[in-house]
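Participant: Dropping in protein.cif, with mmCIF, C-alpha atoms.
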```cif
data_structure
loop_
_atom_site.group_PDB
_atom_site.id
_atom_site.type_symbol
_atom_site.label_atom_id
_atom_site.label_comp_id
_atom_site.auth_asym_id
_atom_site.auth_seq_id
_atom_site.Cartn_x
_atom_site.Cartn_y
_atom_site.Cartn_z
ATOM 1 C CA MET A 1 99.863 -37.411 42.197
ATOM 2 C CA LYS A 2 99.794 -36.397 45.863
ATOM 3 C CA LYS A 3 96.008 -36.044 45.624
ATOM 4 C CA ILE A 4 95.616 -39.630 44.352
ATOM 5 C CA ASN A 5 97.886 -40.980 47.115
ATOM 6 C CA SER A 6 95.906 -39.055 49.747
ATOM 7 C CA ILE A 7 92.622 -40.437 48.420
ATOM 8 C CA ALA A 8 94.010 -43.989 48.346
ATOM 9 C CA ILE A 9 95.376 -43.764 51.899
ATOM 10 C CA GLY A 10 92.119 -42.197 53.137
ATOM 11 C CA SER A 11 90.082 -44.990 51.525
ATOM 12 C CA LEU A 12 92.304 -47.657 53.073
ATOM 13 C CA LEU A 13 91.966 -46.135 56.554
ATOM 14 C CA LEU A 14 88.188 -45.915 56.126
ATOM 15 C CA LEU A 15 87.987 -49.607 55.163
ATOM 16 C CA LEU A 16 90.119 -50.593 58.160
ATOM 17 C CA ALA A 17 87.924 -48.565 60.525
ATOM 18 C CA VAL A 18 84.710 -50.091 59.146
ATOM 19 C CA GLY A 19 86.186 -53.601 59.364
ATOM 20 C CA ALA A 20 87.191 -53.114 62.994
ATOM 21 C CA ASN A 21 83.678 -51.961 63.943
ATOM 22 C CA ALA A 22 82.044 -54.883 62.117
ATOM 23 C CA GLN A 23 83.523 -57.518 64.444
ATOM 24 C CA SER A 24 81.001 -59.165 66.747
ATOM 25 C CA LYS A 25 81.288 -58.818 70.490
ATOM 26 C CA THR A 26 82.214 -61.857 72.574
ATOM 27 C CA GLY A 27 82.498 -62.760 76.249
ATOM 28 C CA ALA A 28 81.315 -60.298 78.873
ATOM 29 C CA ASP A 29 80.871 -57.567 76.226
ATOM 30 C CA PHE A 30 78.341 -59.694 74.341
ATOM 31 C CA PHE A 31 76.369 -61.057 77.295
ATOM 32 C CA ALA A 32 76.107 -57.824 79.306
ATOM 33 C CA GLY A 33 72.530 -56.512 79.315
ATOM 34 C CA LYS A 34 69.035 -57.965 79.686
ATOM 35 C CA TRP A 35 68.010 -61.310 78.231
ATOM 36 C CA LYS A 36 64.479 -62.710 77.950
ATOM 37 C CA VAL A 37 64.798 -66.511 78.122
ATOM 38 C CA LEU A 38 62.218 -69.286 77.716
ATOM 39 C CA VAL A 39 63.046 -72.613 79.399
ATOM 40 C CA THR A 40 60.871 -75.451 78.107
ATOM 41 C CA GLY A 41 59.864 -78.815 79.542
ATOM 42 C CA THR A 42 60.595 -78.258 83.239
ATOM 43 C CA PRO A 43 58.536 -79.989 85.964
ATOM 44 C CA TYR A 44 57.111 -76.497 86.655
ATOM 45 C CA GLY A 45 56.080 -76.055 83.025
ATOM 46 C CA ASP A 46 57.663 -73.638 80.583
ATOM 47 C CA LEU A 47 59.415 -70.839 82.463
ATOM 48 C CA LYS A 48 59.995 -67.303 81.243
ATOM 49 C CA ARG A 49 62.907 -65.574 82.940
ATOM 50 C CA ILE A 50 64.786 -62.334 82.514
ATOM 51 C CA TYR A 51 68.519 -62.407 83.208
ATOM 52 C CA VAL A 52 70.088 -59.015 83.906
ATOM 53 C CA LEU A 53 73.848 -59.234 83.494
ATOM 54 C CA GLU A 54 76.114 -56.353 84.447
ATOM 55 C CA LYS A 55 79.719 -56.091 83.322
ATOM 56 C CA ASN A 56 82.329 -55.451 86.032
ATOM 57 C CA ASP A 57 85.824 -55.188 84.542
ATOM 58 C CA ASN A 58 85.960 -58.338 82.387
ATOM 59 C CA THR A 59 83.458 -60.407 84.414
ATOM 60 C CA LEU A 60 79.690 -60.409 84.866
ATOM 61 C CA SER A 61 77.319 -60.377 87.807
ATOM 62 C CA GLY A 62 73.629 -61.033 87.439
ATOM 63 C CA ILE A 63 70.128 -61.204 88.800
ATOM 64 C CA VAL A 64 67.202 -63.390 87.788
ATOM 65 C CA GLN A 65 63.750 -61.875 87.316
ATOM 66 C CA ASP A 66 60.374 -63.392 86.527
ATOM 67 C CA SER A 67 58.564 -62.397 83.325
ATOM 68 C CA SER A 68 57.084 -59.296 85.011
ATOM 69 C CA GLY A 69 60.529 -58.011 86.047
ATOM 70 C CA LYS A 70 60.261 -58.935 89.747
ATOM 71 C CA GLU A 71 63.614 -60.106 91.156
ATOM 72 C CA ILE A 72 63.704 -63.798 92.047
ATOM 73 C CA THR A 73 67.338 -64.134 93.111
ATOM 74 C CA LYS A 74 70.907 -63.064 92.465
ATOM 75 C CA CYS A 75 73.432 -65.185 90.601
ATOM 76 C CA SER A 76 75.982 -66.652 92.996
ATOM 77 C CA LYS A 77 78.491 -67.234 90.192
ATOM 78 C CA VAL A 78 78.835 -66.293 86.509
ATOM 79 C CA GLU A 79 81.356 -68.035 84.233
ATOM 80 C CA VAL A 80 82.095 -66.382 80.888
ATOM 81 C CA LYS A 81 83.778 -67.873 77.827
ATOM 82 C CA ASP A 82 84.019 -66.354 74.335
ATOM 83 C CA ASN A 83 80.545 -67.329 73.094
ATOM 84 C CA GLU A 84 79.094 -68.917 76.223
ATOM 85 C CA VAL A 85 78.009 -67.898 79.709
ATOM 86 C CA THR A 86 76.937 -70.117 82.625
ATOM 87 C CA LEU A 87 74.872 -68.633 85.457
ATOM 88 C CA TYR A 88 74.520 -70.297 88.871
ATOM 89 C CA TYR A 89 71.746 -69.454 91.345
ATOM 90 C CA GLN A 90 69.145 -70.925 93.693
ATOM 91 C CA ALA A 91 65.430 -70.934 92.894
ATOM 92 C CA MET A 92 62.446 -72.916 94.155
ATOM 93 C CA GLY A 93 64.749 -74.697 96.622
ATOM 94 C CA ASN A 94 67.055 -75.982 93.868
ATOM 95 C CA ASP A 95 70.589 -75.177 92.746
ATOM 96 C CA ILE A 96 70.242 -74.049 89.133
ATOM 97 C CA SER A 97 72.775 -73.594 86.360
ATOM 98 C CA ILE A 98 71.881 -72.262 82.939
ATOM 99 C CA THR A 99 74.298 -72.181 80.039
ATOM 100 C CA LEU A 100 73.582 -69.728 77.232
ATOM 101 C CA ILE A 101 75.437 -69.916 73.922
ATOM 102 C CA LYS A 102 75.597 -67.079 71.405
ATOM 103 C CA LYS A 103 73.477 -67.816 68.320
ATOM 104 C CA ASP A 104 73.716 -64.382 66.683
ATOM 105 C CA ASP A 105 74.056 -60.777 67.864
ATOM 106 C CA ASP A 106 70.686 -60.781 69.683
ATOM 107 C CA HIS A 107 69.825 -64.460 70.315
ATOM 108 C CA VAL A 108 71.089 -67.288 72.507
ATOM 109 C CA THR A 109 70.324 -70.977 72.938
ATOM 110 C CA GLY A 110 71.285 -73.286 75.735
ATOM 111 C CA SER A 111 70.103 -75.490 78.547
ATOM 112 C CA VAL A 112 69.244 -75.537 82.223
ATOM 113 C CA LEU A 113 71.006 -78.251 84.250
ATOM 114 C CA GLY A 114 72.004 -79.809 80.910
ATOM 115 C CA THR A 115 68.436 -81.137 80.655
ATOM 116 C CA PHE A 116 65.910 -78.455 79.732
ATOM 117 C CA ASP A 117 66.178 -76.438 76.515
ATOM 118 C CA ALA A 118 66.467 -72.678 76.691
ATOM 119 C CA LYS A 119 66.285 -69.993 74.044
ATOM 120 C CA GLY A 120 66.471 -66.284 74.524
ATOM 121 C CA GLU A 121 66.721 -62.876 72.993
ATOM 122 C CA ARG A 122 68.324 -59.617 74.029
ATOM 123 C CA ILE A 123 65.978 -56.972 75.447
ATOM 124 C CA LYS A 124 66.832 -53.671 73.823
#
```
Since I need it in another form, could you write the structure as structure tokens?

Facilitator:
Amino acid sequence: MKKINSIAIGSLLLLLAVGANAQSKTGADFFAGKWKVLVTGTPYGDLKRIYVLEKNDNTLSGIVQDSSGKEITKCSKVEVKDNEVTLYYQAMGNDISITLIKKDDDHVTGSVLGTFDAKGERIK
């Protein structure tokens, strides 16, 4: 009888551990890393950017790179919500804000200045 109870308790603990690991990341934990983003329909044409976001405590800091990995600028401000991040920076003489929203574990969608569509994927 003790053997059956031990097996049952062990199975329950295993299921709880697997369930805890299966939860998706949100906030700074999700967005930290490198993101390849395509912004379509801008006056400059379609723009490919890489956003490198680094987690500091429970916030993020970031830099913006062109498609070759050359740094364009640093983010002046990063706002993080559960499934959304907004990055603020200056580029080409303009104040830019891009909002990225979690689509799945490796993809985001969003917009630049609330006008131009953006879609991106995590760089692994």

Participant: For Ser111 (chain A), which residue among A:Ile98, A:Leu53, A:Ala91, A:Leu47 is the nearest when counting all atoms listed in the file?

Facilitator: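 Looking at the shortest contact to Ser111 (chain A), the residue is A:Ile98.
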
Participant: Evaluate the PyMOL selection byres ((chain A and resi 115) around 10) against this structure - the residues, as a PDB file with C-alpha atoms, keeping the file's coordinate frame, please.

Facilitator:
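The new file out39.pdb reads:
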```
ATOM      1  CA  THR A  40      60.871 -75.451  78.107  1.00  0.00           C
ATOM      2  CA  GLY A  41      59.864 -78.815  79.542  1.00  0.00           C
ATOM      3  CA  THR A  42      60.595 -78.258  83.239  1.00  0.00           C
ATOM      4  CA  ILE A  98      71.881 -72.262  82.939  1.00  0.00           C
ATOM      5  CA  GLY A 110      71.285 -73.286  75.735  1.00  0.00           C
ATOM      6  CA  SER A 111      70.103 -75.490  78.547  1.00  0.00           C
ATOM      7  CA  VAL A 112      69.244 -75.537  82.223  1.00  0.00           C
ATOM      8  CA  LEU A 113      71.006 -78.251  84.250  1.00  0.00           C
ATOM      9  CA  GLY A 114      72.004 -79.809  80.910  1.00  0.00           C
ATOM     10  CA  PHE A 116      65.910 -78.455  79.732  1.00  0.00           C
ATOM     11  CA  ASP A 117      66.178 -76.438  76.515  1.00  0.00           C
ATOM     12  CA  ALA A 118      66.467 -72.678  76.691  1.00  0.00           C
TER      13      ALA A 118
END
```

Participant: Rounded to one decimal place, report the CA of Asn58 (chain A)-CA of Ser24 (chain A) distance in Å.

Facilitator: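 Value for the CA of Asn58 (chain A)-CA of Ser24 (chain A) distance: 16.4 Å.
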
Participant: Could you give me, as a list in words, the residues within 10 Å of Leu60 (chain A), counting all atoms listed in the file and dropping anything in the same chain fewer than 6 positions from it?

Facilitator: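 Selected residues are Gly27, Ala28, Asp29, Phe31, Ala32, Gly33, Val52, Leu53, Glu54, Cys75, Lys77, Val78, Glu79, Val80, Val85 and Leu87 of chain A.
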
Participant: When you look at Met92 (chain A) with a cut-off of 10 Å (counting all atoms listed in the file), what residues show up, excluding the ones that are within fewer than 3 positions of it in the same chain? I need them as a VMD selection string.

Facilitator: chain A and resid 44 72 95 to 96

Participant: Given the file shown, determine the residues that the PyMOL selection byres ((chain A and resi 103) around 12) selects; report them as a ChimeraX atom specification.

Facilitator: /A:24,26,30-31,83-84,100-102,104-110,118-122

Participant: Limited to C-alpha atoms, could you put the picked residues into a file as an mmCIF file, in the frame of the given file?

Facilitator:
```
data_model
loop_
_atom_site.group_PDB
_atom_site.id
_atom_site.type_symbol
_atom_site.label_atom_id
_atom_site.label_comp_id
_atom_site.auth_asym_id
_atom_site.auth_seq_id
_atom_site.Cartn_x
_atom_site.Cartn_y
_atom_site.Cartn_z
ATOM 1 C CA SER A 24 81.001 -59.165 66.747
ATOM 2 C CA THR A 26 82.214 -61.857 72.574
ATOM 3 C CA PHE A 30 78.341 -59.694 74.341
ATOM 4 C CA PHE A 31 76.369 -61.057 77.295
ATOM 5 C CA ASN A 83 80.545 -67.329 73.094
ATOM 6 C CA GLU A 84 79.094 -68.917 76.223
ATOM 7 C CA LEU A 100 73.582 -69.728 77.232
ATOM 8 C CA ILE A 101 75.437 -69.916 73.922
ATOM 9 C CA LYS A 102 75.597 -67.079 71.405
ATOM 10 C CA ASP A 104 73.716 -64.382 66.683
ATOM 11 C CA ASP A 105 74.056 -60.777 67.864
ATOM 12 C CA ASP A 106 70.686 -60.781 69.683
ATOM 13 C CA HIS A 107 69.825 -64.460 70.315
ATOM 14 C CA VAL A 108 71.089 -67.288 72.507
ATOM 15 C CA THR A 109 70.324 -70.977 72.938
ATOM 16 C CA GLY A 110 71.285 -73.286 75.735
ATOM 17 C CA ALA A 118 66.467 -72.678 76.691
ATOM 18 C CA LYS A 119 66.285 -69.993 74.044
ATOM 19 C CA GLY A 120 66.471 -66.284 74.524
ATOM 20 C CA GLU A 121 66.721 -62.876 72.993
ATOM 21 C CA ARG A 122 68.324 -59.617 74.029
#
```

Participant: In Å, how far is it from CA of Lys74 (chain A) to CA of Ser61 (chain A)?

Facilitator: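 A separation of 8.4 Å between them.
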
Participant: Interatomic distance between CA of Lys36 (chain A) and CA of Ile50 (chain A)?

Facilitator: 4.6 Å

Participant: Ranking A:Thr73, A:Gln90, A:Ser97, A:Ser67 by minimum distance to Asp46 (chain A) and counting all atoms listed in the file, which one comes first?

Facilitator: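 Distance minimum relative to Asp46 (chain A) lands on A:Ser67.
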
Participant: Determine the axis-aligned bounding box of all atoms of region 24-27 of chain A present in the file, pad each side by 3 Å, and express its centre and edge lengths in Å to one decimal place as lines of an AutoDock Vina configuration file.

Facilitator:
```
center_x = 81.7
center_y = -60.8
center_z = 71.5
size_x = 7.5
size_y = 9.9
size_z = 15.5
```

Participant: Could you check the closest approach to Lys70 (chain A) for each of A:Lys34, A:Arg49, A:Lys124, A:Lys25 and tell me which residue wins, using all atoms listed in the file?

Facilitator: A:Arg49

Participant: Let me make sure I understand: among A:Val37, A:Thr99, A:Lys81, A:Asn94, which one has the smallest atom-to-atom distance to Val64 (chain A) if we use all atoms listed in the file?

Facilitator: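 Nearest to Val64 (chain A): A:Val37.
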
Participant: May I ask you to restore N, CA, C and O atoms in region 26-45 of chain A and write the result as a PDB file, in the coordinates of the input?

Facilitator:
```pdb
ATOM      1  N   THR A  26      82.169 -60.544  71.953  1.00  0.00           N
ATOM      2  CA  THR A  26      82.214 -61.857  72.574  1.00  0.00           C
ATOM      3  C   THR A  26      82.379 -61.678  74.078  1.00  0.00           C
ATOM      4  O   THR A  26      82.604 -60.579  74.566  1.00  0.00           O
ATOM      5  N   GLY A  27      82.271 -62.771  74.808  1.00  0.00           N
ATOM      6  CA  GLY A  27      82.498 -62.760  76.249  1.00  0.00           C
ATOM      7  C   GLY A  27      81.564 -61.834  76.997  1.00  0.00           C
ATOM      8  O   GLY A  27      80.386 -61.697  76.671  1.00  0.00           O
ATOM      9  N   ALA A  28      82.114 -61.184  78.019  1.00  0.00           N
ATOM     10  CA  ALA A  28      81.315 -60.298  78.873  1.00  0.00           C
ATOM     11  C   ALA A  28      80.710 -59.148  78.080  1.00  0.00           C
ATOM     12  O   ALA A  28      79.590 -58.717  78.368  1.00  0.00           O
ATOM     13  N   ASP A  29      81.414 -58.662  77.049  1.00  0.00           N
ATOM     14  CA  ASP A  29      80.871 -57.567  76.226  1.00  0.00           C
ATOM     15  C   ASP A  29      79.593 -57.991  75.526  1.00  0.00           C
ATOM     16  O   ASP A  29      78.647 -57.220  75.415  1.00  0.00           O
ATOM     17  N   PHE A  30      79.537 -59.224  75.033  1.00  0.00           N
ATOM     18  CA  PHE A  30      78.341 -59.694  74.341  1.00  0.00           C
ATOM     19  C   PHE A  30      77.182 -59.938  75.308  1.00  0.00           C
ATOM     20  O   PHE A  30      76.053 -59.537  75.061  1.00  0.00           O
ATOM     21  N   PHE A  31      77.449 -60.622  76.414  1.00  0.00           N
ATOM     22  CA  PHE A  31      76.369 -61.057  77.295  1.00  0.00           C
ATOM     23  C   PHE A  31      75.857 -59.973  78.242  1.00  0.00           C
ATOM     24  O   PHE A  31      74.779 -60.128  78.817  1.00  0.00           O
ATOM     25  N   ALA A  32      76.578 -58.888  78.419  1.00  0.00           N
ATOM     26  CA  ALA A  32      76.107 -57.824  79.306  1.00  0.00           C
ATOM     27  C   ALA A  32      74.786 -57.265  78.779  1.00  0.00           C
ATOM     28  O   ALA A  32      74.616 -57.066  77.581  1.00  0.00           O
ATOM     29  N   GLY A  33      73.838 -57.053  79.688  1.00  0.00           N
ATOM     30  CA  GLY A  33      72.530 -56.512  79.315  1.00  0.00           C
ATOM     31  C   GLY A  33      71.407 -57.387  79.841  1.00  0.00           C
ATOM     32  O   GLY A  33      71.601 -58.222  80.735  1.00  0.00           O
ATOM     33  N   LYS A  34      70.217 -57.204  79.267  1.00  0.00           N
ATOM     34  CA  LYS A  34      69.035 -57.965  79.686  1.00  0.00           C
ATOM     35  C   LYS A  34      68.691 -59.004  78.623  1.00  0.00           C
ATOM     36  O   LYS A  34      68.697 -58.712  77.433  1.00  0.00           O
ATOM     37  N   TRP A  35      68.361 -60.203  79.098  1.00  0.00           N
ATOM     38  CA  TRP A  35      68.010 -61.310  78.231  1.00  0.00           C
ATOM     39  C   TRP A  35      66.681 -61.910  78.660  1.00  0.00           C
ATOM     40  O   TRP A  35      66.495 -62.255  79.820  1.00  0.00           O
ATOM     41  N   LYS A  36      65.760 -62.032  77.716  1.00  0.00           N
ATOM     42  CA  LYS A  36      64.479 -62.710  77.950  1.00  0.00           C
ATOM     43  C   LYS A  36      64.650 -64.147  77.477  1.00  0.00           C
ATOM     44  O   LYS A  36      64.938 -64.395  76.308  1.00  0.00           O
ATOM     45  N   VAL A  37      64.500 -65.106  78.415  1.00  0.00           N
ATOM     46  CA  VAL A  37      64.798 -66.511  78.122  1.00  0.00           C
ATOM     47  C   VAL A  37      63.576 -67.375  78.431  1.00  0.00           C
ATOM     48  O   VAL A  37      62.932 -67.215  79.474  1.00  0.00           O
ATOM     49  N   LEU A  38      63.279 -68.306  77.521  1.00  0.00           N
ATOM     50  CA  LEU A  38      62.218 -69.286  77.716  1.00  0.00           C
ATOM     51  C   LEU A  38      62.868 -70.646  77.935  1.00  0.00           C
ATOM     52  O   LEU A  38      63.652 -71.115  77.108  1.00  0.00           O
ATOM     53  N   VAL A  39      62.547 -71.277  79.074  1.00  0.00           N
ATOM     54  CA  VAL A  39      63.046 -72.613  79.399  1.00  0.00           C
ATOM     55  C   VAL A  39      61.868 -73.563  79.264  1.00  0.00           C
ATOM     56  O   VAL A  39      60.837 -73.387  79.922  1.00  0.00           O
ATOM     57  N   THR A  40      61.998 -74.566  78.399  1.00  0.00           N
ATOM     58  CA  THR A  40      60.871 -75.451  78.107  1.00  0.00           C
ATOM     59  C   THR A  40      61.048 -76.827  78.734  1.00  0.00           C
ATOM     60  O   THR A  40      62.163 -77.310  78.919  1.00  0.00           O
ATOM     61  N   GLY A  41      59.895 -77.439  79.087  1.00  0.00           N
ATOM     62  CA  GLY A  41      59.864 -78.815  79.542  1.00  0.00           C
ATOM     63  C   GLY A  41      60.247 -79.066  80.981  1.00  0.00           C
ATOM     64  O   GLY A  41      60.520 -80.202  81.349  1.00  0.00           O
ATOM     65  N   THR A  42      60.239 -78.036  81.836  1.00  0.00           N
ATOM     66  CA  THR A  42      60.595 -78.258  83.239  1.00  0.00           C
ATOM     67  C   THR A  42      59.419 -78.881  83.985  1.00  0.00           C
ATOM     68  O   THR A  42      58.276 -78.817  83.516  1.00  0.00           O
ATOM     69  N   PRO A  43      59.650 -79.461  85.167  1.00  0.00           N
ATOM     70  CA  PRO A  43      58.536 -79.989  85.964  1.00  0.00           C
ATOM     71  C   PRO A  43      57.538 -78.888  86.365  1.00  0.00           C
ATOM     72  O   PRO A  43      56.395 -79.176  86.710  1.00  0.00           O
ATOM     73  N   TYR A  44      57.976 -77.627  86.321  1.00  0.00           N
ATOM     74  CA  TYR A  44      57.111 -76.497  86.655  1.00  0.00           C
ATOM     75  C   TYR A  44      56.456 -75.908  85.417  1.00  0.00           C
ATOM     76  O   TYR A  44      55.854 -74.851  85.474  1.00  0.00           O
ATOM     77  N   GLY A  45      56.595 -76.573  84.290  1.00  0.00           N
ATOM     78  CA  GLY A  45      56.080 -76.055  83.025  1.00  0.00           C
ATOM     79  C   GLY A  45      57.152 -75.216  82.331  1.00  0.00           C
ATOM     80  O   GLY A  45      58.308 -75.189  82.736  1.00  0.00           O
TER      81      GLY A  45
END
```
